[in-house]
$ cat data.txt   # compact mmCIF, C-alpha atoms and all ligand atoms
# COMPACT_ATOMS: atom_id res chain seq x y z
CA MET Y 1 -23.50 -2.59 13.41
CA ASN Y 2 -21.27 -0.92 15.95
CA GLY Y 3 -22.49 2.62 16.52
CA ARG Y 4 -22.05 4.56 13.30
CA VAL Y 5 -21.79 3.03 9.83
CA TYR Y 6 -19.00 4.40 7.67
CA LEU Y 7 -19.63 3.95 3.94
CA ASP Y 8 -17.22 6.55 2.54
CA HIS Y 9 -14.02 4.55 2.07
CA ASN Y 10 -13.25 6.10 -1.34
CA ALA Y 11 -12.92 9.42 0.51
CA SER Y 12 -10.63 8.07 3.21
CA THR Y 13 -10.13 5.06 5.48
CA GLN Y 14 -9.50 4.39 9.13
CA VAL Y 15 -5.78 3.80 9.75
CA HIS Y 16 -5.17 0.10 10.44
CA PRO Y 17 -4.05 -0.52 14.05
CA GLU Y 18 -0.90 -2.34 12.81
CA VAL Y 19 -0.09 0.73 10.71
CA VAL Y 20 -0.44 3.02 13.75
CA ALA Y 21 1.85 0.71 15.73
CA ALA Y 22 4.47 0.75 12.97
CA MET Y 23 4.41 4.55 12.80
CA LEU Y 24 4.61 5.35 16.52
CA PRO Y 25 8.40 4.90 17.01
CA TYR Y 26 9.00 7.42 14.21
CA PHE Y 27 7.21 10.13 16.19
CA GLY Y 28 9.28 9.15 19.22
CA GLU Y 29 12.83 7.85 19.50
CA ARG Y 30 13.32 7.50 15.72
CA PHE Y 31 12.58 11.15 15.00
CA GLY Y 32 15.76 11.94 13.03
CA ASN Y 33 16.05 13.52 9.60
CA PRO Y 34 16.70 10.72 7.09
CA SER Y 35 19.28 12.93 5.32
CA SER Y 36 21.43 13.19 8.48
CA VAL Y 37 24.49 10.95 8.66
CA HIS Y 38 24.34 10.23 12.42
CA SER Y 39 22.54 7.27 13.98
CA PHE Y 40 19.27 9.22 14.44
CA GLY Y 41 19.28 10.00 10.73
CA ARG Y 42 20.21 6.45 9.79
CA GLU Y 43 17.29 5.05 11.83
CA ALA Y 44 14.84 7.36 10.05
CA ARG Y 45 16.39 6.48 6.67
CA GLU Y 46 16.01 2.81 7.48
CA GLY Y 47 12.27 3.35 8.12
CA VAL Y 48 11.85 5.09 4.75
CA GLU Y 49 13.77 2.41 2.87
CA ILE Y 50 11.88 -0.48 4.51
CA ALA Y 51 8.65 1.22 3.43
CA ARG Y 52 9.98 1.67 -0.09
CA GLU Y 53 10.74 -2.04 -0.19
CA GLN Y 54 7.26 -2.95 1.09
CA ILE Y 55 5.71 -0.85 -1.66
CA THR Y 56 8.04 -1.91 -4.45
CA ASN Y 57 7.56 -5.58 -3.46
CA PHE Y 58 3.82 -5.05 -3.68
CA LEU Y 59 4.12 -3.40 -7.12
CA ARG Y 60 6.91 -5.78 -8.21
CA VAL Y 61 9.21 -2.94 -9.35
CA SER Y 62 12.71 -1.86 -8.40
CA LYS Y 63 13.41 0.45 -5.47
CA ASP Y 64 14.58 3.37 -7.59
CA GLU Y 65 11.28 3.49 -9.48
CA VAL Y 66 9.13 4.83 -6.61
CA VAL Y 67 9.10 8.44 -5.36
CA PHE Y 68 7.26 9.37 -2.15
CA THR Y 69 5.04 12.46 -2.33
CA SER Y 70 2.56 14.30 -0.11
CA GLY Y 71 -0.58 12.79 -1.67
CA GLY Y 72 -2.24 11.41 -4.77
CA THR Y 73 -2.76 15.01 -5.86
CA GLU Y 74 0.96 15.72 -5.84
CA SER Y 75 1.71 12.41 -7.58
CA ASP Y 76 -0.68 13.33 -10.41
CA ASN Y 77 0.84 16.82 -10.67
CA LEU Y 78 4.38 15.46 -10.68
CA ALA Y 79 3.62 12.83 -13.33
CA ILE Y 80 1.86 15.20 -15.74
CA LYS Y 81 3.90 18.37 -15.21
CA GLY Y 82 7.07 16.29 -15.00
CA VAL Y 83 6.56 14.74 -18.44
CA ALA Y 84 5.22 17.99 -19.92
CA GLY Y 85 8.20 19.92 -18.53
CA ALA Y 86 10.67 17.48 -20.06
CA ARG Y 87 9.09 17.95 -23.49
CA GLY Y 88 8.35 21.69 -23.36
CA ALA Y 89 5.34 21.50 -25.70
CA GLY Y 90 2.92 19.01 -27.15
CA HIS Y 91 -0.40 17.21 -26.85
CA ILE Y 92 -1.91 15.28 -23.93
CA ILE Y 93 -4.78 12.78 -24.03
CA THR Y 94 -7.03 12.33 -21.01
CA SER Y 95 -10.70 11.84 -20.11
CA PRO Y 96 -13.34 14.20 -18.68
CA ILE Y 97 -13.95 11.97 -15.63
CA GLU Y 98 -10.43 12.14 -14.17
CA HIS Y 99 -9.89 13.40 -10.63
CA HIS Y 100 -9.46 17.16 -10.41
CA ALA Y 101 -5.78 16.60 -9.63
CA VAL Y 102 -5.43 15.47 -13.26
CA LEU Y 103 -8.09 17.67 -14.89
CA ARG Y 104 -6.96 20.94 -13.32
CA THR Y 105 -3.29 20.13 -14.02
CA CYS Y 106 -4.17 19.59 -17.68
CA GLN Y 107 -6.14 22.82 -17.73
CA VAL Y 108 -3.15 24.73 -16.34
CA LEU Y 109 -0.94 23.18 -19.02
CA GLU Y 110 -3.43 24.33 -21.66
CA THR Y 111 -2.86 27.92 -20.50
CA GLN Y 112 0.85 27.30 -21.08
CA GLY Y 113 0.39 26.24 -24.69
CA PHE Y 114 -0.05 22.49 -24.37
CA ALA Y 115 -2.97 20.95 -26.27
CA VAL Y 116 -5.28 18.56 -24.41
CA THR Y 117 -7.86 16.12 -25.81
CA TYR Y 118 -10.61 15.07 -23.38
CA LEU Y 119 -11.95 11.79 -24.75
CA PRO Y 120 -15.64 10.97 -24.29
CA VAL Y 121 -16.79 8.16 -21.99
CA ASP Y 122 -19.78 5.88 -22.55
CA GLY Y 123 -22.83 5.49 -20.31
CA ASP Y 124 -20.91 3.15 -17.98
CA GLY Y 125 -18.01 5.60 -17.72
CA LEU Y 126 -15.65 3.65 -19.98
CA VAL Y 127 -13.05 5.18 -22.28
CA ASN Y 128 -12.86 3.44 -25.66
CA PRO Y 129 -9.23 2.46 -26.47
CA ASP Y 130 -10.01 3.03 -30.18
CA ASP Y 131 -10.78 6.66 -29.33
CA VAL Y 132 -7.35 6.86 -27.68
CA ARG Y 133 -5.74 5.47 -30.82
CA ARG Y 134 -7.63 7.93 -33.02
CA ALA Y 135 -6.73 10.91 -30.80
CA ILE Y 136 -2.97 10.33 -31.02
CA ARG Y 137 -1.13 13.04 -32.95
CA PRO Y 138 2.52 13.23 -34.01
CA ASP Y 139 3.10 15.61 -31.08
CA THR Y 140 1.29 13.55 -28.40
CA ILE Y 141 3.58 13.47 -25.36
CA LEU Y 142 1.39 11.79 -22.72
CA ILE Y 143 -1.72 9.68 -22.24
CA THR Y 144 -3.21 9.98 -18.74
CA ILE Y 145 -6.24 7.85 -17.89
CA MET Y 146 -7.36 6.83 -14.40
CA HIS Y 147 -7.55 3.17 -13.44
CA ALA Y 148 -10.85 3.39 -11.54
CA ASN Y 149 -13.13 6.34 -11.08
CA SER Y 150 -13.58 7.39 -7.46
CA GLU Y 151 -17.27 8.29 -7.85
CA VAL Y 152 -18.71 5.41 -9.86
CA GLY Y 153 -15.89 2.85 -9.53
CA THR Y 154 -15.73 1.95 -13.24
CA ILE Y 155 -12.43 0.25 -14.05
CA GLN Y 156 -10.91 1.42 -17.34
CA PRO Y 157 -9.37 -0.95 -19.89
CA VAL Y 158 -5.92 0.37 -18.98
CA ASP Y 159 -4.26 -2.77 -20.39
CA THR Y 160 -5.60 -2.08 -23.91
CA ILE Y 161 -4.93 1.66 -23.62
CA GLY Y 162 -1.41 0.86 -22.38
CA ALA Y 163 -0.82 -1.38 -25.39
CA VAL Y 164 -1.84 1.49 -27.70
CA ALA Y 165 0.50 3.88 -25.85
CA ARG Y 166 3.38 1.42 -25.98
CA GLU Y 167 2.87 0.70 -29.68
CA ARG Y 168 3.21 4.43 -30.36
CA GLY Y 169 6.01 5.03 -27.83
CA ILE Y 170 3.95 7.50 -25.75
CA PRO Y 171 4.36 7.62 -21.94
CA PHE Y 172 1.24 6.32 -20.16
CA HIS Y 173 0.27 7.73 -16.76
CA VAL Y 174 -2.42 6.01 -14.71
CA ASP Y 175 -4.06 7.54 -11.66
CA GLY Y 176 -4.30 4.39 -9.55
CA VAL Y 177 -5.30 6.13 -6.32
CA GLN Y 178 -8.58 4.20 -6.12
CA THR Y 179 -7.20 0.83 -7.28
CA PHE Y 180 -3.82 0.47 -5.56
CA GLY Y 181 -4.31 -2.15 -2.86
CA LYS Y 182 -7.87 -2.89 -3.94
CA VAL Y 183 -7.50 -4.70 -7.28
CA PRO Y 184 -4.38 -6.14 -8.97
CA ILE Y 185 -2.18 -3.74 -10.95
CA ASP Y 186 0.22 -5.35 -13.41
CA LEU Y 187 2.48 -2.44 -14.39
CA ASP Y 188 4.33 -4.34 -17.14
CA GLY Y 189 1.27 -6.18 -18.41
CA PHE Y 190 -0.78 -2.97 -18.53
CA GLY Y 191 2.06 -0.97 -20.11
CA ILE Y 192 2.01 1.69 -17.38
CA ASP Y 193 4.97 4.10 -17.23
CA LEU Y 194 3.74 6.27 -14.34
CA LEU Y 195 1.32 5.25 -11.57
CA SER Y 196 -0.06 7.54 -8.86
CA PHE Y 197 -1.12 5.79 -5.64
CA SER Y 198 -2.06 7.08 -2.21
CA SER Y 199 -1.88 5.85 1.38
CA HIS Y 200 -5.11 7.07 2.97
CA LYS Y 201 -7.34 5.03 0.66
CA ILE Y 202 -5.78 1.77 1.90
CA TYR Y 203 -5.88 2.16 5.71
CA GLY Y 204 -2.67 4.19 5.81
CA PRO Y 205 -2.18 7.79 7.02
CA LYS Y 206 -3.15 10.90 5.05
CA GLY Y 207 -0.65 13.22 3.38
CA VAL Y 208 1.60 10.55 1.91
CA ALA Y 209 1.55 8.84 -1.46
CA GLY Y 210 3.79 7.54 -4.20
CA LEU Y 211 4.54 7.86 -7.87
CA TYR Y 212 5.91 4.90 -9.79
CA ILE Y 213 8.19 6.10 -12.59
CA ARG Y 214 9.31 3.42 -15.03
CA LYS Y 215 13.08 3.50 -15.59
CA GLY Y 216 13.90 5.60 -18.66
CA THR Y 217 10.77 7.82 -18.47
CA LYS Y 218 11.90 11.34 -19.27
CA MET Y 219 10.62 13.89 -16.78
CA VAL Y 220 11.66 16.92 -14.77
CA SER Y 221 11.04 17.55 -11.08
CA VAL Y 222 8.44 20.15 -10.21
CA GLN Y 223 9.41 20.84 -6.60
CA HIS Y 224 12.90 22.21 -6.18
CA GLY Y 225 15.19 22.20 -3.18
CA GLY Y 226 17.35 19.45 -1.72
CA GLU Y 227 18.46 16.21 -3.30
CA HIS Y 228 15.75 14.02 -1.80
CA GLU Y 229 14.15 11.07 -3.58
CA ARG Y 230 17.02 10.89 -6.10
CA ARG Y 231 16.48 14.57 -6.94
CA ARG Y 232 12.98 13.87 -8.21
CA ARG Y 233 11.07 15.38 -5.27
CA ALA Y 234 12.74 17.85 -2.93
CA GLY Y 235 11.73 18.07 0.72
CA THR Y 236 12.41 16.22 3.96
CA GLU Y 237 10.48 12.97 3.84
CA ASN Y 238 7.33 12.47 5.94
CA VAL Y 239 9.01 9.60 7.76
CA PRO Y 240 6.16 8.37 10.03
CA GLY Y 241 3.71 8.72 7.13
CA ILE Y 242 5.95 6.82 4.73
CA VAL Y 243 6.54 4.07 7.33
CA GLY Y 244 2.77 3.76 7.79
CA PHE Y 245 2.19 3.73 4.03
CA GLY Y 246 4.70 0.88 3.63
CA LYS Y 247 3.01 -1.13 6.36
CA ALA Y 248 -0.43 -0.49 4.84
CA ALA Y 249 0.81 -1.76 1.45
CA GLU Y 250 2.28 -4.86 3.09
CA LEU Y 251 -1.05 -5.57 4.79
CA ARG Y 252 -2.90 -5.09 1.50
CA ALA Y 253 -0.75 -7.79 -0.08
CA ARG Y 254 -2.16 -10.19 2.53
CA GLU Y 255 -5.76 -8.96 2.66
CA MET Y 256 -6.61 -7.54 -0.77
CA GLU Y 257 -7.93 -10.62 -2.52
CA ALA Y 258 -10.19 -11.91 0.26
CA GLU Y 259 -11.44 -8.41 0.99
CA ALA Y 260 -12.32 -7.79 -2.66
CA THR Y 261 -14.52 -10.90 -2.67
CA ARG Y 262 -16.16 -10.00 0.63
CA LEU Y 263 -16.81 -6.37 -0.33
CA THR Y 264 -18.24 -7.32 -3.73
CA ALA Y 265 -20.77 -9.59 -1.97
CA LEU Y 266 -21.68 -6.90 0.60
CA ARG Y 267 -22.01 -4.25 -2.10
CA ASN Y 268 -24.23 -6.49 -4.23
CA ARG Y 269 -26.41 -7.25 -1.23
CA LEU Y 270 -26.80 -3.54 -0.58
CA TRP Y 271 -27.79 -2.86 -4.19
CA ASP Y 272 -30.18 -5.83 -4.37
CA GLY Y 273 -31.82 -4.72 -1.12
CA ILE Y 274 -32.18 -1.08 -2.19
CA SER Y 275 -33.47 -1.86 -5.69
CA ALA Y 276 -36.05 -4.25 -4.20
CA ARG Y 277 -37.29 -1.67 -1.70
CA VAL Y 278 -37.00 1.70 -3.48
CA ALA Y 279 -38.65 2.78 -6.77
CA ASP Y 280 -36.91 4.94 -9.38
CA VAL Y 281 -33.35 4.10 -8.44
CA ARG Y 282 -30.52 3.38 -10.88
CA LEU Y 283 -27.00 2.05 -10.59
CA ASN Y 284 -24.22 4.21 -12.03
CA GLY Y 285 -20.98 2.87 -13.43
CA HIS Y 286 -20.18 -0.40 -15.12
CA PRO Y 287 -22.17 -3.32 -13.64
CA THR Y 288 -19.14 -5.65 -13.42
CA ARG Y 289 -15.94 -3.72 -14.29
CA ARG Y 290 -16.21 -1.85 -11.01
CA LEU Y 291 -14.29 -1.42 -7.75
CA PRO Y 292 -15.34 -4.12 -5.26
CA GLY Y 293 -16.70 -1.77 -2.58
CA THR Y 294 -18.18 1.02 -4.72
CA LEU Y 295 -21.91 1.55 -5.16
CA ASN Y 296 -23.11 4.75 -6.83
CA LEU Y 297 -26.85 5.23 -7.13
CA CYS Y 298 -29.23 7.86 -8.44
CA PHE Y 299 -32.57 8.38 -6.75
CA ARG Y 300 -34.83 10.19 -9.18
CA HIS Y 301 -36.45 13.41 -7.95
CA VAL Y 302 -34.43 13.46 -4.77
CA GLU Y 303 -31.54 15.79 -3.97
CA SER Y 304 -28.34 13.99 -3.00
CA GLU Y 305 -27.70 16.29 -0.07
CA SER Y 306 -31.06 15.44 1.53
CA ILE Y 307 -30.17 11.75 1.54
CA VAL Y 308 -26.63 12.34 2.79
CA LEU Y 309 -27.85 14.56 5.63
CA GLY Y 310 -30.80 12.29 6.44
CA LEU Y 311 -28.54 9.23 6.61
CA ASP Y 312 -26.00 11.15 8.69
CA LEU Y 313 -28.73 11.80 11.27
CA LYS Y 314 -29.19 8.02 11.39
CA GLY Y 315 -25.44 7.49 11.87
CA VAL Y 316 -24.68 6.41 8.30
CA ALA Y 317 -21.90 8.19 6.36
CA VAL Y 318 -22.17 8.25 2.54
CA SER Y 319 -21.26 10.97 0.07
CA ALA Y 320 -23.21 13.04 -2.45
CA GLY Y 321 -22.43 13.12 -6.13
CA SER Y 322 -23.72 16.62 -6.60
CA ALA Y 323 -21.83 19.55 -5.15
CA CYS Y 324 -22.85 22.96 -3.95
CA THR Y 325 -20.83 25.62 -5.76
CA SER Y 326 -21.55 29.32 -5.31
CA GLY Y 327 -24.96 28.59 -3.83
CA ASN Y 328 -26.09 26.43 -6.79
CA VAL Y 329 -26.34 22.66 -6.60
CA GLU Y 330 -24.40 21.19 -9.51
CA PRO Y 331 -24.61 17.58 -10.66
CA SER Y 332 -21.45 15.49 -10.60
CA TYR Y 333 -19.23 16.20 -13.62
CA VAL Y 334 -18.57 12.47 -13.85
CA LEU Y 335 -22.26 11.60 -14.19
CA VAL Y 336 -22.78 14.47 -16.65
CA ALA Y 337 -19.92 13.15 -18.82
CA MET Y 338 -21.56 9.70 -18.68
CA GLY Y 339 -24.78 11.20 -20.01
CA VAL Y 340 -26.89 10.61 -16.88
CA PRO Y 341 -30.04 12.79 -17.23
CA LEU Y 342 -30.15 15.78 -14.89
CA ASP Y 343 -33.28 14.72 -12.95
CA TRP Y 344 -31.42 11.54 -12.00
CA ALA Y 345 -27.92 13.00 -11.61
CA MET Y 346 -29.06 15.48 -8.93
CA GLY Y 347 -29.95 12.54 -6.69
CA SER Y 348 -26.69 10.61 -6.79
CA VAL Y 349 -25.31 9.02 -3.66
CA ARG Y 350 -22.09 7.07 -3.28
CA ALA Y 351 -21.65 4.31 -0.72
CA THR Y 352 -18.14 2.89 -0.56
CA LEU Y 353 -17.44 -0.10 1.66
CA GLY Y 354 -14.31 -1.15 3.51
CA ARG Y 355 -12.70 -3.67 5.81
CA LEU Y 356 -14.74 -2.94 8.94
CA ASN Y 357 -18.16 -3.09 7.27
CA THR Y 358 -20.34 -6.06 8.14
CA ASP Y 359 -23.63 -7.64 7.10
CA ALA Y 360 -25.23 -5.88 10.06
CA ASP Y 361 -24.21 -2.51 8.56
CA ILE Y 362 -25.97 -3.39 5.31
CA ASP Y 363 -29.09 -4.56 7.22
CA TYR Y 364 -29.17 -1.24 9.05
CA VAL Y 365 -28.89 0.83 5.86
CA LEU Y 366 -31.62 -1.26 4.25
CA GLU Y 367 -33.80 -0.50 7.27
CA VAL Y 368 -33.28 3.29 7.36
CA LEU Y 369 -32.75 4.29 3.71
CA PRO Y 370 -36.07 3.30 2.03
CA PRO Y 371 -38.33 5.26 4.45
CA LEU Y 372 -35.93 8.22 4.21
CA VAL Y 373 -36.17 8.33 0.39
CA GLU Y 374 -39.94 7.96 0.62
CA ARG Y 375 -40.18 10.85 3.08
CA ILE Y 376 -37.97 13.15 0.97
CA ARG Y 377 -39.97 12.29 -2.16
CA SER Y 378 -43.24 13.02 -0.42
CA LEU Y 379 -41.94 16.57 0.15
CA SER Y 380 -40.50 16.98 -3.37
CA PRO Y 381 -42.69 18.89 -5.87
CA ALA Y 382 -40.91 17.18 -8.80
CA ALA Y 383 -41.78 13.73 -7.48
CA VAL Y 384 -45.47 14.61 -7.04
CA SER Y 385 -45.96 15.97 -10.58
C1 LIG E 401 -8.73 8.99 -8.38
C2 LIG E 401 -8.11 9.91 -7.40
N1 LIG E 401 -6.99 10.59 -7.73
C3 LIG E 401 -6.37 11.41 -6.88
C4 LIG E 401 -6.87 11.63 -5.61
C5 LIG E 401 -6.15 12.57 -4.69
O1 LIG E 401 -5.45 11.84 -3.71
P1 LIG E 401 -5.02 12.53 -2.32
O2 LIG E 401 -6.27 12.66 -1.52
O3 LIG E 401 -4.05 11.55 -1.72
O4 LIG E 401 -4.39 13.83 -2.67
C6 LIG E 401 -8.03 10.97 -5.21
C7 LIG E 401 -8.62 11.22 -3.88
O5 LIG E 401 -9.81 11.08 -3.68
C8 LIG E 401 -8.66 10.08 -6.13
O6 LIG E 401 -9.77 9.42 -5.80
$ encode --input "data.txt" --output "C-alpha cells"
Amino acid sequence: MNGRVYLDHNASTQVHPEVVAAMLPYFGERFGNPSSVHSFGREAREGVEIAREQITNFLRVSKDEVVFTSGGTESDNLAIKGVAGARGAGHIITSPIEHHAVLRTCQVLETQGFAVTYLPVDGDGLVNPDDVRRAIRPDTILITIMHANSEVGTIQPVDTIGAVARERGIPFHVDGVQTFGKVPIDLDGFGIDLLSFSSHKIYGPKGVAGLYIRKGTKMVSVQHGGEHERRRRAGTENVPGIVGFGKAAELRAREMEAEATRLTALRNRLWDGISARVADVRLNGHPTRRLPGTLNLCFRHVESESIVLGLDLKGVAVSAGSACTSGNVEPSYVLVAMGVPLDWAMGSVRATLGRLNTDADIDYVLEVLPPLVERIRSLSPAAVS
C-alpha cells in the first residue's frame, strides 16, 4: 500500500508514464494543426496517423474504419444518431442497463419519432439473445448493446447477439468503453459494426476516444464543420490526446492478458476476504462473465454513501451505486433493472482494480472495511430491527 488506495478504475485511470512521455512533444514543438500543409502541420498529422495505426493494429481493422472523438459519450452519440440519421425513422433495440450516453441518446430519438425497445436483463445483468431475436421488427434499424456494464462488470453475449443482428442484416453497435484494452474484442467474430471505446479507461488521457465503423455501414455525421476524419467528425483533432490514446492502446496489447489474470486473482481475494468477514453482503453481476477488475457488492441495511465516505477517510477510493438526485438517494438503475431488492440496492459499492493495485492494497481494505460496515450498521435503525 503506497499512501492512498485507488479502487475506481472503471471511472478513470492514472495516465501511464509512457503515455505522458509520448504526448509531451505534441504540447511543445509539434504543436501544429494536422490540417495544415506546412511541416508543423505534417508533424502533427504524423502523430495522429501513428496513433490511428496503433489503435487499428490493436483492433485488427483498417485505418479508415476508426474515427477519433472527444469521449466514449460522443462515440455512442455518433454511432446511434449517425445510423438513425441515415435511416430517418425506425426501431432501435437496446437494454435498460446501458450507459447514459446510450440511454439518453435513445430517449432523445424517441422524442423524434423513433421507436425503442429496452430489453430486460436477468439477475446477473445478462441480456438474452433470444429476446433480441424476438424484439426485431421489419423496421429495426439498429441493435445497441454494451459489451460490459461499468457498474457490475457483467460481460454480455455480444457474439451471439451479433450473429442474430448479422443474420437479419441489422447494424450492431457495441459500447466497448469498459472492455477495450481489458478483454479481447473480436470485431468480425462478434459481428460488431460499430464499437465505442475510450482512452481514459485504459491509462490514456481524458477527452479522447474512438468509434470503429465497419466499412459499408450507412451513417451520417452529427457534428458539422470541416472535413476532418474523412468528413465523419468535424473539428481540429485533439492531437496530444490522440497520440496518448494510441500509445495507451499499444501498451494494452502488451499488458492486457497478464493484467487480466492478475486483477481477477486480486478481485477474487478481495471478495473472498469481505464475504468471510462481513455478514449480509452479496455480489452483484455475473460470477464469471465479468470484467477482471470489477467487484460490485451490496451491504444490506447500509447506505452506499456512508461506506464510500468512510473508506475515503481511510484513504480508499471506491464508488457508490446509489446516487443522490434532488435530495433523494436513488438506487442504481442497473441494480434495479437486475431485480436487486431495494434494501440491498441502497448499499451497493463498486471497487474496480487496476494496474497499480497490489496485494497490500487488498490487505488494507480487508483491515478497514469490516469494522466500518459494522460501525455504520450499529447506527442504522433498519439493521437493528
Ligand atoms: C460503458 C460506458 N460507456 C460510455 C462511457 C462514457 O465514456 P467517456 O467518459 O469517455 O465519455 C463510459 C464512462 O464511464 C462507460 O463506462
$ residues_near_ligand --input "data.txt" --ligand "ligand LIG 401 (chain E)" --cutoff "7 Å" --atoms "all atoms listed in the file" --output "PyMOL selection string"
chain Y and resi 10-11+71-74+76+98-99+101+146+148-150+175-178+198-200+206-209
$ closest_residue --input "data.txt" --among "Y:Arg375, Y:His100, Y:Arg134, Y:Arg232" --to "Y:Val334" --atoms "all atoms listed in the file"
Y:His100
$ closest_residue --input "data.txt" --among "Y:Pro171, Y:Val61, Y:His91, Y:Arg104" --to "Y:Asp188" --atoms "all atoms listed in the file"
Y:Val61
$ residues_around --input "data.txt" --residues "Y:Gly125" --least-positions-apart "5" --cutoff "9 Å" --atoms "only C-alpha atoms" --output "tab-separated table (two decimals) with C-alpha atoms, in the frame of the given file"
chain	number	residue	atom	x	y	z
Y	97	ILE	CA	-13.95	11.97	-15.63
Y	120	PRO	CA	-15.64	10.97	-24.29
Y	149	ASN	CA	-13.13	6.34	-11.08
Y	152	VAL	CA	-18.71	5.41	-9.86
Y	153	GLY	CA	-15.89	2.85	-9.53
Y	154	THR	CA	-15.73	1.95	-13.24
Y	155	ILE	CA	-12.43	0.25	-14.05
Y	156	GLN	CA	-10.91	1.42	-17.34
Y	284	ASN	CA	-24.22	4.21	-12.03
Y	285	GLY	CA	-20.98	2.87	-13.43
Y	286	HIS	CA	-20.18	-0.40	-15.12
Y	334	VAL	CA	-18.57	12.47	-13.85
Y	335	LEU	CA	-22.26	11.60	-14.19
Y	337	ALA	CA	-19.92	13.15	-18.82
Y	338	MET	CA	-21.56	9.70	-18.68
$ atom_distance --input "data.txt" --atom1 "atom CA of Y:Tyr203" --atom2 "atom CA of Y:Val15"
4.4 Å
$ residues_around --input "data.txt" --residues "Y:Lys182" --least-positions-apart "5" --cutoff "12 Å" --atoms "only C-alpha atoms" --output "ChimeraX atom specification"
/Y:9-10,58,147-148,153,155,176-177,197-199,201-203,248-249,251-264,290-294,353-355
$ atom_distance --input "data.txt" --atom1 "atom CA of Y:Ile136" --atom2 "atom CA of Y:Glu65"
26.7 Å
$ atom_distance --input "data.txt" --atom1 "atom CA of Y:Gly339" --atom2 "atom CA of Y:Ala165"
27.0 Å
$ closest_residue --input "data.txt" --among "Y:Thr179, Y:Ser75, Y:Ser332, Y:Asn128" --to "Y:Pro157" --atoms "all atoms listed in the file"
Y:Asn128
$ closest_residue --input "data.txt" --among "Y:Gln223, Y:Thr358, Y:Ser348, Y:Asn77" --to "Y:Leu194" --atoms "only C-alpha atoms"
Y:Asn77
